[in-house]
Amino acid sequence: MSVSSHSKAVIGVLRSIGQRGFFAAYGTHSFGRTKAAEIYRETGNLRAVQLLLGHSKADNTVRYLGVELEDVLSIVERIDI
């Protein structure tokens with residue numbers, strides 16, 4: 001499904017439940033960002049989120065999520081390899 005088709009489907013559902021102004025405040029991009037942030041919060045797996053978002057560098061993913069470097073380092077330190 002294309003982004004445009006997905007957007008139209010979501011707008012249709014929101015309109016059908018009476019949330020006409022909702023999509024003016026939130027778009028498909030913010031929904032995707034929220035999902036990525038939730039996955040990171042639940043798993044702490046930055047690499048998985050990086051792959052999901054298609055980022056070539058982890059730094060881009062960290063900036064995109066708004067994650068502080070200290071948070072990432074503390075997660076890395078807790079994982080024994």
# chains A, B, ... in the order shown; residues from 1 in each chain; ligands from 1
>>> residues_around(residues="segment 41-53 of chain A", least_positions_apart="5", cutoff="8 Å", atoms="only C-alpha atoms", output="number ranges by chain")
A: 36, 58, 61-62, 72, 75
>>> write_last_selection(atoms="all heavy atoms", output="CSV table (one decimal), in the first residue's frame")
chain,number,residue,atom,x,y,z
A,36,ALA,N,8.2,3.7,15.9
A,36,ALA,CA,9.6,3.5,16.0
A,36,ALA,C,10.0,3.7,17.4
A,36,ALA,O,10.8,3.0,18.0
A,36,ALA,CB,10.4,4.3,15.0
A,58,ALA,N,23.5,4.8,12.7
A,58,ALA,CA,22.8,4.8,14.0
A,58,ALA,C,22.6,6.2,14.5
A,58,ALA,O,21.6,6.5,15.2
A,58,ALA,CB,23.5,3.9,15.0
A,61,THR,N,19.4,7.6,13.4
A,61,THR,CA,18.3,7.0,14.2
A,61,THR,C,18.1,7.6,15.6
A,61,THR,O,17.0,7.9,16.0
A,61,THR,CB,18.4,5.5,14.3
A,61,THR,OG1,18.6,4.9,13.0
A,61,THR,CG2,17.2,4.8,14.9
A,62,VAL,N,19.3,7.8,16.2
A,62,VAL,CA,19.3,8.5,17.5
A,62,VAL,C,18.7,9.9,17.5
A,62,VAL,O,17.8,10.2,18.3
A,62,VAL,CB,20.7,8.5,18.1
A,62,VAL,CG1,20.8,9.4,19.4
A,62,VAL,CG2,21.2,7.1,18.4
A,72,VAL,N,21.3,5.7,25.2
A,72,VAL,CA,21.8,4.6,24.4
A,72,VAL,C,23.0,3.9,25.0
A,72,VAL,O,23.0,2.6,25.1
A,72,VAL,CB,22.2,5.1,23.0
A,72,VAL,CG1,22.9,4.0,22.1
A,72,VAL,CG2,21.0,5.7,22.3
A,75,ILE,N,21.9,1.6,27.9
A,75,ILE,CA,21.3,0.3,27.4
A,75,ILE,C,22.4,-0.6,27.0
A,75,ILE,O,22.4,-1.8,27.3
A,75,ILE,CB,20.3,0.6,26.3
A,75,ILE,CG1,19.1,1.3,26.8
A,75,ILE,CG2,19.9,-0.7,25.6
A,75,ILE,CD1,18.1,1.9,25.8
>>> atom_distance(atom1="atom CA of Lys8 of chain A", atom2="atom CA of Arg33 of chain A")
18.5 Å
>>> atom_distance(atom1="atom CA of Thr34 of chain A", atom2="atom CA of Leu65 of chain A")
8.7 Å
>>> atom_distance(atom1="atom CA of Gly12 of chain A", atom2="atom CA of Lys35 of chain A")
20.6 Å
